[in-house]
$ cat my_file.csv   # CSV, C-alpha atoms and all ligand atoms
chain,number,residue,atom,x,y,z
A,1,MET,CA,-2.9,-30.3,6.0
A,2,ASN,CA,-4.7,-28.2,3.4
A,3,LEU,CA,-4.0,-24.7,4.3
A,4,TRP,CA,-6.0,-23.5,1.2
A,5,ASN,CA,-9.2,-24.4,3.1
A,6,GLU,CA,-8.0,-23.8,6.7
A,7,LYS,CA,-8.9,-20.7,8.6
A,8,ARG,CA,-6.0,-19.2,10.4
A,9,ARG,CA,-4.8,-15.8,11.6
A,10,ILE,CA,-4.0,-13.4,8.8
A,11,PHE,CA,-1.9,-10.3,9.5
A,12,ILE,CA,-2.2,-7.4,7.0
A,13,THR,CA,0.5,-4.7,7.2
A,14,CYS,CA,0.1,-1.1,6.1
A,15,ALA,CA,1.8,2.3,6.5
A,16,ARG,CA,1.7,3.8,10.0
A,17,GLY,CA,-1.4,5.9,10.5
A,18,THR,CA,-3.5,4.0,8.0
A,19,THR,CA,-4.8,1.0,10.1
A,20,GLY,CA,-8.2,2.6,10.5
A,21,ILE,CA,-8.6,2.9,6.7
A,22,LEU,CA,-7.3,-0.6,6.1
A,23,ALA,CA,-9.6,-2.0,8.8
A,24,GLY,CA,-12.6,-0.4,6.9
A,25,GLU,CA,-11.4,-2.0,3.7
A,26,ILE,CA,-11.1,-5.5,5.3
A,27,GLN,CA,-14.6,-5.2,6.8
A,28,ALA,CA,-16.0,-4.1,3.4
A,29,LEU,CA,-14.7,-7.4,2.0
A,30,ARG,CA,-16.6,-9.1,4.8
A,31,PHE,CA,-13.6,-10.3,6.8
A,32,PRO,CA,-13.5,-9.7,10.6
A,33,VAL,CA,-11.2,-7.3,12.2
A,34,LEU,CA,-9.7,-9.1,15.2
A,35,ALA,CA,-7.1,-6.6,16.3
A,36,THR,CA,-5.6,-3.3,15.1
A,37,LEU,CA,-2.0,-2.6,15.9
A,38,GLU,CA,0.2,0.3,14.9
A,39,THR,CA,1.1,-0.9,11.4
A,40,SER,CA,-1.1,-3.9,10.9
A,41,VAL,CA,-4.6,-5.3,11.2
A,42,GLU,CA,-5.4,-8.9,12.1
A,43,THR,CA,-8.1,-10.9,10.5
A,44,LYS,CA,-8.9,-14.5,9.9
A,45,GLY,CA,-9.3,-16.6,6.8
A,46,THR,CA,-8.0,-19.5,4.6
A,47,LEU,CA,-4.9,-19.4,2.4
A,48,ALA,CA,-7.4,-19.2,-0.5
A,49,ASP,CA,-8.9,-16.0,1.0
A,50,THR,CA,-5.5,-14.3,0.7
A,51,LEU,CA,-5.9,-14.1,-3.1
A,52,ARG,CA,-8.9,-11.8,-2.7
A,53,LEU,CA,-7.2,-9.7,0.0
A,54,ASN,CA,-4.1,-9.3,-2.1
A,55,LEU,CA,-6.1,-8.3,-5.2
A,56,SER,CA,-8.6,-6.0,-3.6
A,57,LEU,CA,-7.1,-4.1,-0.6
A,58,ARG,CA,-5.9,-0.6,-1.6
A,59,THR,CA,-4.0,0.3,1.5
A,60,ALA,CA,-2.4,-3.1,2.5
A,61,GLN,CA,1.3,-3.6,2.1
A,62,ARG,CA,1.6,-7.3,2.8
A,63,VAL,CA,-0.9,-10.1,3.6
A,64,LEU,CA,0.7,-12.7,6.0
A,65,TYR,CA,-0.9,-16.1,6.7
A,66,LEU,CA,0.1,-17.9,9.9
A,67,PHE,CA,2.1,-21.0,9.4
A,68,ASP,CA,3.2,-21.7,13.0
A,69,ALA,CA,3.6,-20.1,16.4
A,70,PHE,CA,5.7,-21.4,19.2
A,71,PRO,CA,7.7,-20.3,22.3
A,72,ALA,CA,11.4,-19.7,21.6
A,73,GLY,CA,13.6,-18.4,24.4
A,74,GLN,CA,16.9,-19.4,23.0
A,75,ALA,CA,18.6,-19.4,19.6
A,76,GLN,CA,18.5,-23.2,19.1
A,77,ASP,CA,14.7,-23.3,19.8
A,78,LEU,CA,14.1,-21.7,16.4
A,79,TYR,CA,15.9,-24.3,14.2
A,80,ARG,CA,14.7,-27.2,16.3
A,81,ARG,CA,11.1,-26.3,15.9
A,82,LEU,CA,11.2,-25.2,12.3
A,83,VAL,CA,12.9,-28.4,11.0
A,84,THR,CA,9.9,-30.4,12.3
A,85,LEU,CA,7.3,-28.4,10.3
A,86,PRO,CA,5.9,-29.9,7.0
A,87,TRP,CA,7.5,-27.3,4.7
A,88,GLU,CA,7.5,-29.9,1.9
A,89,LYS,CA,3.7,-29.5,1.7
A,90,VAL,CA,3.9,-25.8,0.9
A,91,ILE,CA,7.3,-25.2,-0.8
A,92,ALA,CA,8.4,-27.1,-4.0
A,93,ALA,CA,11.8,-28.7,-3.7
A,94,ASP,CA,12.7,-27.0,-7.0
A,95,GLY,CA,11.2,-23.7,-5.9
A,96,PHE,CA,12.8,-20.5,-4.7
A,97,LEU,CA,12.6,-19.2,-1.1
A,98,SER,CA,13.5,-16.0,0.7
A,99,VAL,CA,13.2,-15.3,4.4
A,100,THR,CA,12.4,-11.9,5.9
A,101,SER,CA,12.1,-11.1,9.6
A,102,SER,CA,11.4,-8.7,12.4
A,103,VAL,CA,13.3,-9.8,15.4
A,104,ASN,CA,13.2,-8.3,18.9
A,105,THR,CA,14.5,-10.8,21.4
A,106,ALA,CA,17.4,-11.3,23.7
A,107,ALA,CA,17.8,-14.8,22.3
A,108,VAL,CA,19.7,-13.5,19.3
A,109,ASN,CA,21.5,-10.2,18.7
A,110,ASP,CA,21.8,-10.5,14.9
A,111,THR,CA,18.7,-10.6,12.7
A,112,ARG,CA,20.7,-12.2,9.9
A,113,PHE,CA,21.4,-15.2,12.2
A,114,ALA,CA,17.6,-15.7,12.7
A,115,ASN,CA,17.1,-15.4,8.9
A,116,VAL,CA,19.8,-17.9,8.1
A,117,LYS,CA,18.6,-20.4,10.8
A,118,THR,CA,15.1,-20.2,9.4
A,119,LYS,CA,16.2,-20.7,5.9
A,120,ASP,CA,18.5,-23.6,6.9
A,121,ALA,CA,15.7,-25.4,8.8
A,122,ILE,CA,13.3,-25.1,5.9
A,123,VAL,CA,15.7,-26.3,3.2
A,124,ASP,CA,17.1,-29.1,5.5
A,125,ARG,CA,13.6,-30.3,6.1
A,126,ILE,CA,12.7,-30.3,2.4
A,127,ARG,CA,16.0,-32.0,1.4
A,128,GLU,CA,15.4,-34.7,3.9
A,129,LYS,CA,11.8,-35.3,2.6
A,130,GLU,CA,12.2,-34.7,-1.1
A,131,GLY,CA,15.9,-35.4,-1.8
A,132,ARG,CA,16.6,-31.9,-3.0
A,133,ARG,CA,16.3,-28.4,-1.7
A,134,PRO,CA,14.8,-25.1,-3.0
A,135,ASP,CA,17.2,-22.3,-4.0
A,136,SER,CA,17.2,-19.3,-1.7
A,137,GLY,CA,18.2,-15.7,-1.8
A,138,PRO,CA,17.0,-12.2,-1.0
A,139,GLY,CA,14.8,-11.8,-4.1
A,140,ARG,CA,11.1,-12.0,-3.5
A,141,GLN,CA,10.2,-13.6,-6.7
A,142,GLY,CA,9.2,-17.0,-5.1
A,143,VAL,CA,8.0,-18.1,-1.7
A,144,VAL,CA,8.5,-15.6,1.0
A,145,VAL,CA,8.5,-16.7,4.7
A,146,HIS,CA,8.4,-14.0,7.3
A,147,LEU,CA,9.7,-14.7,10.9
A,148,HIS,CA,8.4,-12.5,13.7
A,149,TRP,CA,10.3,-13.1,16.9
A,150,GLU,CA,9.3,-11.0,19.9
A,151,ASN,CA,10.8,-11.8,23.3
A,152,ASP,CA,10.3,-15.5,23.7
A,153,ARG,CA,7.6,-16.0,21.1
A,154,CYS,CA,8.1,-16.8,17.5
A,155,GLU,CA,5.5,-16.6,14.7
A,156,VAL,CA,6.3,-17.9,11.2
A,157,TRP,CA,4.1,-16.5,8.4
A,158,LEU,CA,3.7,-17.2,4.7
A,159,ASP,CA,4.0,-13.8,3.0
A,160,THR,CA,1.3,-14.2,0.4
A,161,SER,CA,2.1,-10.9,-1.2
A,162,GLY,CA,5.9,-11.4,-1.8
A,163,GLU,CA,6.7,-8.0,-3.2
A,164,SER,CA,5.0,-5.1,-1.3
A,165,LEU,CA,1.5,-4.5,-2.6
A,166,SER,CA,2.5,-0.9,-3.1
A,167,ARG,CA,4.1,-2.1,-6.3
A,168,ARG,CA,0.9,-2.2,-8.3
A,169,GLY,CA,2.8,-2.6,-11.6
A,170,TYR,CA,1.8,0.7,-13.2
A,171,ARG,CA,4.5,3.1,-12.1
A,172,LYS,CA,7.1,2.5,-14.7
A,173,ILE,CA,8.5,6.0,-14.6
A,174,PRO,CA,9.0,7.2,-11.0
A,175,LEU,CA,10.1,10.7,-10.4
A,176,GLU,CA,11.7,12.3,-7.3
A,177,ALA,CA,9.7,12.0,-4.1
A,178,PRO,CA,6.8,9.9,-5.4
A,179,MET,CA,4.1,8.8,-3.0
A,180,GLN,CA,3.7,5.1,-2.4
A,181,GLU,CA,0.7,3.8,-4.2
A,182,THR,CA,-0.8,2.4,-1.0
A,183,LEU,CA,-0.3,5.7,0.8
A,184,ALA,CA,-1.9,7.6,-2.1
A,185,ALA,CA,-4.9,5.3,-1.9
A,186,ALA,CA,-5.1,5.8,1.9
A,187,VAL,CA,-5.1,9.6,1.4
A,188,ILE,CA,-7.9,9.5,-1.1
A,189,LEU,CA,-10.0,7.1,1.0
A,190,ALA,CA,-9.4,9.4,4.0
A,191,THR,CA,-11.0,12.3,2.1
A,192,GLY,CA,-14.1,10.2,1.7
A,193,TRP,CA,-14.2,10.9,-2.1
A,194,ASP,CA,-16.6,8.5,-3.6
A,195,GLY,CA,-15.6,9.0,-7.3
A,196,LYS,CA,-18.7,11.0,-8.1
A,197,GLY,CA,-17.7,14.7,-8.0
A,198,PRO,CA,-14.5,16.2,-9.7
A,199,PHE,CA,-11.1,15.3,-8.4
A,200,VAL,CA,-8.4,17.8,-9.1
A,201,ASN,CA,-4.7,17.0,-8.4
A,202,PRO,CA,-2.3,19.8,-9.2
A,203,MET,CA,1.4,19.1,-8.6
A,204,CYS,CA,0.7,15.5,-9.7
A,205,GLY,CA,4.3,14.4,-10.1
A,206,SER,CA,4.3,10.8,-11.4
A,207,GLY,CA,0.5,10.8,-11.1
A,208,THR,CA,0.1,8.4,-8.2
A,209,LEU,CA,-2.8,10.2,-6.6
A,210,ALA,CA,-4.7,10.7,-9.8
A,211,ILE,CA,-4.2,7.1,-10.9
A,212,GLU,CA,-5.3,5.7,-7.5
A,213,GLY,CA,-8.2,8.1,-7.7
A,214,ALA,CA,-9.2,6.7,-11.1
A,215,LEU,CA,-8.9,3.1,-9.8
A,216,ILE,CA,-11.2,4.1,-6.9
A,217,ALA,CA,-13.7,5.9,-9.2
A,218,LEU,CA,-13.9,2.7,-11.3
A,219,GLY,CA,-14.1,0.4,-8.3
A,220,ARG,CA,-11.2,-1.5,-9.9
A,221,ALA,CA,-9.2,-3.9,-7.7
A,222,PRO,CA,-5.7,-2.4,-7.4
A,223,GLY,CA,-3.9,-5.8,-7.7
A,224,ILE,CA,-5.3,-6.8,-11.1
A,225,LEU,CA,-2.2,-5.7,-13.0
A,226,ARG,CA,0.3,-7.4,-10.9
A,227,GLN,CA,2.0,-10.4,-12.4
A,228,ASN,CA,3.6,-11.8,-9.2
A,229,PHE,CA,2.3,-12.6,-5.7
A,230,GLY,CA,3.9,-14.7,-3.1
A,231,PHE,CA,0.9,-17.1,-3.0
A,232,MET,CA,1.4,-18.1,-6.6
A,233,HIS,CA,4.5,-20.1,-5.6
A,234,LEU,CA,2.9,-22.1,-2.8
A,235,LEU,CA,2.1,-25.7,-3.5
A,236,GLY,CA,-1.5,-26.3,-4.3
A,237,PHE,CA,-2.0,-22.8,-5.8
A,238,ASP,CA,-5.0,-23.0,-8.2
A,239,ALA,CA,-3.9,-20.9,-11.1
A,240,PRO,CA,-7.2,-21.2,-13.1
A,241,ALA,CA,-9.3,-20.3,-10.1
A,242,PHE,CA,-7.1,-17.3,-9.5
A,243,GLU,CA,-7.4,-16.2,-13.2
A,244,LYS,CA,-11.2,-16.5,-12.8
A,245,GLN,CA,-11.2,-14.4,-9.7
A,246,ARG,CA,-9.1,-11.8,-11.4
A,247,GLU,CA,-11.4,-11.7,-14.5
A,248,GLU,CA,-14.5,-11.4,-12.2
A,249,LEU,CA,-12.9,-8.4,-10.5
A,250,GLN,CA,-12.1,-6.9,-13.8
A,251,LYS,CA,-15.6,-7.3,-15.0
A,252,ALA,CA,-17.1,-5.9,-11.8
A,253,ALA,CA,-15.2,-2.6,-12.3
A,254,ARG,CA,-17.0,0.3,-14.0
A,255,ARG,CA,-15.8,1.4,-17.4
A,256,LYS,CA,-16.3,5.1,-16.9
A,257,ALA,CA,-15.9,7.4,-13.9
A,258,ASP,CA,-18.7,9.8,-13.0
A,259,GLY,CA,-16.5,12.6,-11.9
A,260,ARG,CA,-13.8,14.4,-13.9
A,261,ILE,CA,-10.2,13.8,-12.8
A,262,VAL,CA,-7.7,16.5,-13.5
A,263,ALA,CA,-3.9,16.0,-13.0
A,264,THR,CA,-1.4,18.8,-13.7
A,265,ASP,CA,2.2,19.6,-12.9
A,266,ILE,CA,4.5,22.5,-13.8
A,267,ARG,CA,7.1,20.1,-15.3
A,268,PRO,CA,6.1,18.7,-18.7
A,269,GLU,CA,8.3,15.6,-18.1
A,270,ALA,CA,6.3,14.9,-14.9
A,271,VAL,CA,3.1,15.1,-16.8
A,272,GLU,CA,4.4,12.8,-19.5
A,273,ALA,CA,5.5,10.3,-16.9
A,274,ALA,CA,2.1,10.5,-15.1
A,275,ARG,CA,0.4,10.0,-18.5
A,276,GLN,CA,2.5,7.0,-19.3
A,277,ASN,CA,1.9,5.5,-15.8
A,278,ALA,CA,-1.8,6.1,-16.2
A,279,ARG,CA,-1.7,4.3,-19.6
A,280,THR,CA,0.0,1.3,-18.1
A,281,ALA,CA,-2.7,1.3,-15.4
A,282,GLY,CA,-5.3,1.5,-18.1
A,283,VAL,CA,-6.8,4.7,-16.8
A,284,GLU,CA,-5.2,7.3,-19.1
A,285,HIS,CA,-8.6,8.0,-20.8
A,286,LEU,CA,-10.1,9.0,-17.4
A,287,ILE,CA,-7.6,11.7,-16.5
A,288,GLU,CA,-7.3,15.2,-18.0
A,289,PHE,CA,-3.6,16.0,-18.0
A,290,ALA,CA,-2.0,19.4,-18.5
A,291,ALA,CA,1.5,20.9,-17.9
A,292,CYS,CA,0.9,24.1,-16.0
A,293,ASP,CA,1.4,25.9,-12.8
A,294,PHE,CA,-1.0,24.7,-10.1
A,295,ARG,CA,-2.8,28.0,-10.2
A,296,GLU,CA,-3.8,27.4,-13.8
A,297,SER,CA,-5.3,24.0,-13.3
A,298,ALA,CA,-8.8,23.4,-14.6
A,299,VAL,CA,-11.2,23.2,-11.7
A,300,PRO,CA,-14.5,21.7,-13.1
A,301,GLU,CA,-17.9,22.9,-11.9
A,302,GLY,CA,-19.3,20.9,-9.0
A,303,GLU,CA,-18.5,20.0,-5.5
A,304,GLY,CA,-15.3,18.0,-5.7
A,305,ILE,CA,-12.0,17.7,-4.0
A,306,VAL,CA,-8.7,19.2,-4.8
A,307,VAL,CA,-5.6,17.4,-3.4
A,308,LEU,CA,-2.0,18.7,-3.5
A,309,ASN,CA,1.1,17.0,-2.4
A,310,PRO,CA,3.6,19.9,-2.6
A,311,GLU,CA,7.3,19.6,-1.8
A,312,TYR,CA,7.9,20.1,1.9
A,313,GLY,CA,11.6,20.5,2.2
A,314,GLU,CA,12.5,17.0,3.4
A,315,ARG,CA,13.5,15.5,0.2
A,316,MET,CA,13.1,18.1,-2.5
A,317,GLY,CA,13.0,21.9,-2.5
A,318,ASP,CA,14.0,24.1,0.3
A,319,ALA,CA,11.6,24.7,3.2
A,320,ALA,CA,12.4,28.4,3.4
A,321,LYS,CA,11.6,29.0,-0.3
A,322,LEU,CA,8.4,27.0,-0.1
A,323,GLY,CA,6.5,29.4,2.2
A,324,ASP,CA,5.3,31.4,-0.7
A,325,VAL,CA,4.1,28.3,-2.5
A,326,TYR,CA,2.0,27.3,0.4
A,327,LYS,CA,0.6,30.8,0.7
A,328,SER,CA,-0.3,30.7,-3.0
A,329,ILE,CA,-2.1,27.3,-2.5
A,330,GLY,CA,-4.3,29.1,0.1
A,331,ASP,CA,-5.0,31.9,-2.4
A,332,PHE,CA,-5.7,29.3,-5.2
A,333,PHE,CA,-8.2,27.5,-2.9
A,334,LYS,CA,-10.0,30.8,-2.0
A,335,SER,CA,-10.1,32.2,-5.5
A,336,ARG,CA,-10.6,29.1,-7.7
A,337,CYS,CA,-11.9,26.2,-5.6
A,338,MET,CA,-15.1,27.4,-3.9
A,339,GLY,CA,-17.5,24.7,-3.1
A,340,TYR,CA,-14.7,22.1,-3.0
A,341,ARG,CA,-13.0,20.4,-0.2
A,342,GLY,CA,-9.3,21.3,-0.4
A,343,TYR,CA,-6.5,18.9,0.9
A,344,ILE,CA,-2.8,19.4,1.3
A,345,PHE,CA,-0.6,16.4,2.2
A,346,THR,CA,2.6,17.7,3.8
A,347,GLY,CA,5.4,16.7,6.2
A,348,ASN,CA,6.0,20.2,7.3
A,349,LEU,CA,3.5,21.8,9.6
A,350,ASP,CA,5.3,25.1,9.7
A,351,LEU,CA,4.8,25.4,5.9
A,352,ALA,CA,1.2,24.4,6.3
A,353,LYS,CA,0.6,27.4,8.5
A,354,GLN,CA,1.5,29.6,5.5
A,355,VAL,CA,-1.7,28.5,3.7
A,356,GLY,CA,-3.6,31.0,5.8
A,357,LEU,CA,-6.9,29.2,5.9
A,358,ARG,CA,-8.5,27.5,8.9
A,359,THR,CA,-8.0,23.7,8.8
A,360,LYS,CA,-11.1,21.6,9.3
A,361,ARG,CA,-9.3,18.4,10.0
A,362,ARG,CA,-5.6,17.4,10.3
A,363,ILE,CA,-5.3,13.7,9.6
A,364,PRO,CA,-2.0,12.1,10.7
A,365,PHE,CA,0.0,10.0,8.3
A,366,TYR,CA,3.5,8.8,7.9
A,367,ASN,CA,5.5,8.9,4.6
A,368,GLY,CA,8.1,6.3,5.6
A,369,PRO,CA,9.6,7.7,8.8
A,370,ILE,CA,8.4,11.3,8.1
A,371,GLU,CA,5.4,12.3,10.2
A,372,CYS,CA,2.9,14.0,7.8
A,373,ARG,CA,-0.6,15.5,7.9
A,374,LEU,CA,-3.4,15.5,5.4
A,375,LEU,CA,-5.0,18.9,6.0
A,376,GLU,CA,-8.6,19.5,5.1
A,377,PHE,CA,-10.0,22.9,4.2
A,378,GLU,CA,-13.7,23.4,3.7
A,379,LEU,CA,-14.0,26.0,0.9
A,380,TYR,CA,-17.4,27.5,1.4
A,381,ARG,CA,-19.1,29.5,-1.3
A,382,GLY,CA,-20.8,32.8,-0.8
A,383,SER,CA,-21.1,34.4,2.6
A,384,LYS,CA,-19.1,31.7,4.4
A,385,LYS,CA,-16.3,32.3,1.9
A,386,ALA,CA,-12.8,31.8,3.2
A,387,LYS,CA,-14.1,31.7,6.7
A,401,LIG,C1,6.3,16.0,-4.0
A,401,LIG,S1,6.0,16.1,-5.7
A,401,LIG,C2,4.5,15.2,-5.9
A,401,LIG,C3,4.7,13.7,-6.0
A,401,LIG,C4,3.4,13.0,-6.4
A,401,LIG,N1,2.4,12.9,-5.3
A,401,LIG,C5,3.8,11.6,-6.8
A,401,LIG,O1,3.3,10.6,-6.2
A,401,LIG,O2,4.6,11.5,-7.7
A,401,LIG,C6,5.6,17.8,-6.0
A,401,LIG,C7,5.4,18.1,-7.4
A,401,LIG,O3,5.0,19.5,-7.5
A,401,LIG,C8,5.5,20.0,-8.7
A,401,LIG,N2,5.4,21.5,-8.6
A,401,LIG,C9,6.3,22.3,-7.9
A,401,LIG,N3,5.9,23.6,-8.1
A,401,LIG,C10,4.8,23.6,-8.8
A,401,LIG,C11,4.0,24.7,-9.3
A,401,LIG,N4,4.2,26.0,-9.0
A,401,LIG,N5,2.9,24.3,-10.1
A,401,LIG,C12,2.7,23.0,-10.4
A,401,LIG,N6,3.4,22.0,-10.0
A,401,LIG,C13,4.5,22.3,-9.2
A,401,LIG,C14,6.8,19.4,-8.9
A,401,LIG,O4,7.2,19.4,-10.3
A,401,LIG,C15,6.6,18.0,-8.3
A,401,LIG,O5,6.3,17.1,-9.4

$ encode --input "my_file.csv" --output "structure tokens" --more "lines below"
Ligand SMILES: C[S@@+](CC[C@H](N)C(=O)[O-])C[C@H]1O[C@@H](n2cnc3c(N)ncnc32)[C@H](O)[C@@H]1O
Amino acid sequence: MNLWNEKRRIFITCARGTTGILAGEIQALRFPVLATLETSVETKGTLADTLRLNLSLRTAQRVLYLFDAFPAGQAQDLYRRLVTLPWEKVIAADGFLSVTSSVNTAAVNDTRFANVKTKDAIVDRIREKEGRRPDSGPGRQGVVVHLHWENDRCEVWLDTSGESLSRRGYRKIPLEAPMQETLAAAVILATGWDGKGPFVNPMCGSGTLAIEGALIALGRAPGILRQNFGFMHLLGFDAPAFEKQREELQKAARRKADGRIVATDIRPEAVEAARQNARTAGVEHLIEFAACDFRESAVPEGEGIVVLNPEYGERMGDAAKLGDVYKSIGDFFKSRCMGYRGYIFTGNLDLAKQVGLRTKRRIPFYNGPIECRLLEFELYRGSKKAK
């Protein structure tokens, strides 16, 4: 069994509402899209292929490679089957293992039971074959095995990402209500911005949108900075080949962005955090930071995009007081951003109505459990002004 060369099903998970964008990314990397579900896209490839997918996909959260699938109608079916699988070929006896699961079956009523049985079967098998067993625990620093048990069918996956791919490794200073990196990337890809015109991000908070924008403008793979992926802990992992791949992706990225990127926030400490995060990401030089009210943001000449993620009363701020802010965003769009496409990412559609401009598109997203929209406004110049 050499999984590194064996094509199998690969499941790639993402935030709800972003599967279309993820599917586009997968196809752009020349992998097939076999199925699209609510929070995942299925493709096919070898275990070696998961390196590229993990390094390059901007909107993926986890890349799962199929290890085994089998019918399991009762609790004991799980252990009985798993203990027969050649785990010693993929997990080192002195390694570290954690098990995650999504379980929806009448066979067990406690997910923890399924996790413990999975872990027991794996370590028992390795102990029997190798004379010792890997350590295990909740941390995702080593091998991560994911159990998906739906009705009477079990699938066991190698989670080649380990930690969620949202953790790019650059956001050292998170502030309140930050957007997940993968969601920020999905928002920018949904605008269709190609890195050429200006990108203005007032209310930047910890800078996630601006930093993801800079990475997109450079064509830089988002996973390059990460030090740890689940696949690194699987037996047979070829570290020099991985380093080579990472260097090639680094070299393929552009050094400079064509369009100007502006990121501002009214709180100087947010701007400082955003600047430091951008420095960690290696894109500080591409972003023009300023501490100011959103209405004072620089809006460079040209046909660019302006993206705001204002508070929407779910986690910060107070919805009642925010109405005026949304109205002012509409005024800012009309008076300062002509020729741009304007975007507001919000979880509060009532507040969005206060903007007072006609929306061209309302793209559905989820920020965790919160249903959100990315609202697009076409900000025509001249006679079509503020139509
Ligand atoms: C929901 S947070 C943005 C989070 C950001 N997308 C991130 O990933 O960190 C909203 C931000 O708007 C800023 N803000 C609130 N009122 C503002 C104003 N009048 N002008 C500029 N920024 C403002 C807040 O300081 C806060 O950082």

$ atom_distance --input "my_file.csv" --atom1 "atom C10 of ligand LIG 401 (chain A)" --atom2 "atom CA of Leu165 of chain A"
29.0 Å

$ closest_residue --input "my_file.csv" --among "A:Ala75, A:Ile122, A:Leu158, A:Leu85" --to "Val103 of chain A" --atoms "only C-alpha atoms"
A:Ala75

$ closest_atom_pairs --input "my_file.csv" --of "chain A" --to "ligand LIG 401 (chain A)" --cutoff "9 Å" --atoms "all atoms listed in the file" --output "CSV"
residue,atom,partner,partner_atom,distance
A:Pro174,CA,A:LIG401,O2,7.0
A:Leu175,CA,A:LIG401,O2,6.2
A:Glu176,CA,A:LIG401,S1,7.0
A:Ala177,CA,A:LIG401,C1,5.3
A:Pro178,CA,A:LIG401,O2,3.6
A:Met179,CA,A:LIG401,O1,3.8
A:Gln180,CA,A:LIG401,O1,6.7
A:Glu181,CA,A:LIG401,O1,7.5
A:Ala184,CA,A:LIG401,O1,7.3
A:Asn201,CA,A:LIG401,N1,8.8
A:Pro202,CA,A:LIG401,C12,6.1
A:Met203,CA,A:LIG401,O3,3.8
A:Cys204,CA,A:LIG401,C4,4.9
A:Gly205,CA,A:LIG401,O5,3.4
A:Ser206,CA,A:LIG401,O2,3.8
A:Gly207,CA,A:LIG401,O2,5.4
A:Thr208,CA,A:LIG401,O1,4.4
A:Leu209,CA,A:LIG401,N1,6.0
A:Ala210,CA,A:LIG401,N1,8.7
A:Thr264,CA,A:LIG401,C12,6.7
A:Asp265,CA,A:LIG401,N6,4.0
A:Ile266,CA,A:LIG401,C12,3.9
A:Arg267,CA,A:LIG401,O4,5.0
A:Pro268,CA,A:LIG401,O4,8.5
A:Glu269,CA,A:LIG401,O4,8.7
A:Ala270,CA,A:LIG401,O5,5.9
A:Val271,CA,A:LIG401,O5,8.3
A:Ala274,CA,A:LIG401,O2,7.9
A:Ala291,CA,A:LIG401,C12,7.9
A:Cys292,CA,A:LIG401,C12,6.0
A:Asp293,CA,A:LIG401,N5,3.5
A:Phe294,CA,A:LIG401,N5,3.9
A:Arg295,CA,A:LIG401,N5,6.8
A:Glu296,CA,A:LIG401,N5,8.3
A:Ser297,CA,A:LIG401,C12,8.6
A:Leu308,CA,A:LIG401,N1,7.5
A:Asn309,CA,A:LIG401,N1,5.2
A:Pro310,CA,A:LIG401,C6,4.5
A:Glu311,CA,A:LIG401,C1,4.3
A:Tyr312,CA,A:LIG401,C1,7.4
A:Arg315,CA,A:LIG401,C1,8.4
A:Met316,CA,A:LIG401,C1,7.3
A:Gly317,CA,A:LIG401,C9,8.6
A:Val325,CA,A:LIG401,N4,6.9
A:Ser328,CA,A:LIG401,N4,8.9
A:Phe345,CA,A:LIG401,N1,8.8
A:Thr346,CA,A:LIG401,C1,8.8

$ residues_around --input "my_file.csv" --residues "Gly213 of chain A" --least-positions-apart "4" --cutoff "8 Å" --atoms "all atoms listed in the file" --output "VMD selection string"
chain A and resid 185 188 195 199 209 217 261

$ residues_near_point --input "my_file.csv" --point "(-0.6, 27.9, 5.3)" --cutoff "8 Å" --atoms "only C-alpha atoms" --output "MDAnalysis selection string"
chainID A and resid 323 326:327 329:330 350:357

$ residues_around --input "my_file.csv" --residues "Gly169 of chain A" --least-positions-apart "6" --cutoff "9 Å" --atoms "all atoms listed in the file" --output "list in words"
Gly223, Leu225, Arg226, Gln227, Thr280 and Ala281 of chain A

$ closest_residue --input "my_file.csv" --among "A:Gln74, A:Thr46, A:His148, A:Ala186" --to "Leu22 of chain A" --atoms "only C-alpha atoms"
A:Ala186

$ atom_distance --input "my_file.csv" --atom1 "atom CA of Phe231 of chain A" --atom2 "atom CA of Arg133 of chain A"
19.1 Å

$ closest_residue --input "my_file.csv" --among "A:Ala298, A:Gly219, A:Leu78, A:Asp238" --to "Ser56 of chain A" --atoms "all atoms listed in the file"
A:Gly219

$ atom_distance --input "my_file.csv" --atom1 "atom CA of Cys14 of chain A" --atom2 "atom CA of Ile224 of chain A"
18.9 Å

$ residues_around --input "my_file.csv" --residues "Gly45 of chain A" --least-positions-apart "5" --cutoff "9 Å" --atoms "only C-alpha atoms" --output "ChimeraX atom specification"
/A:5-10,31-32,50,65

$ write_last_selection --input "my_file.csv" --atoms "C-alpha atoms" --output "mmCIF file, in the coordinates of the input"
data_model
loop_
_atom_site.group_PDB
_atom_site.id
_atom_site.type_symbol
_atom_site.label_atom_id
_atom_site.label_comp_id
_atom_site.auth_asym_id
_atom_site.auth_seq_id
_atom_site.Cartn_x
_atom_site.Cartn_y
_atom_site.Cartn_z
ATOM 1 C CA ASN A 5 -9.200 -24.400 3.100
ATOM 2 C CA GLU A 6 -8.000 -23.800 6.700
ATOM 3 C CA LYS A 7 -8.900 -20.700 8.600
ATOM 4 C CA ARG A 8 -6.000 -19.200 10.400
ATOM 5 C CA ARG A 9 -4.800 -15.800 11.600
ATOM 6 C CA ILE A 10 -4.000 -13.400 8.800
ATOM 7 C CA PHE A 31 -13.600 -10.300 6.800
ATOM 8 C CA PRO A 32 -13.500 -9.700 10.600
ATOM 9 C CA THR A 50 -5.500 -14.300 0.700
ATOM 10 C CA TYR A 65 -0.900 -16.100 6.700
#

$ residues_around --input "my_file.csv" --residues "segment 108-115 of chain A" --least-positions-apart "4" --cutoff "9 Å" --atoms "only C-alpha atoms" --output "ChimeraX atom specification"
/A:74-75,78-79,98-104,119-120,146-147,149
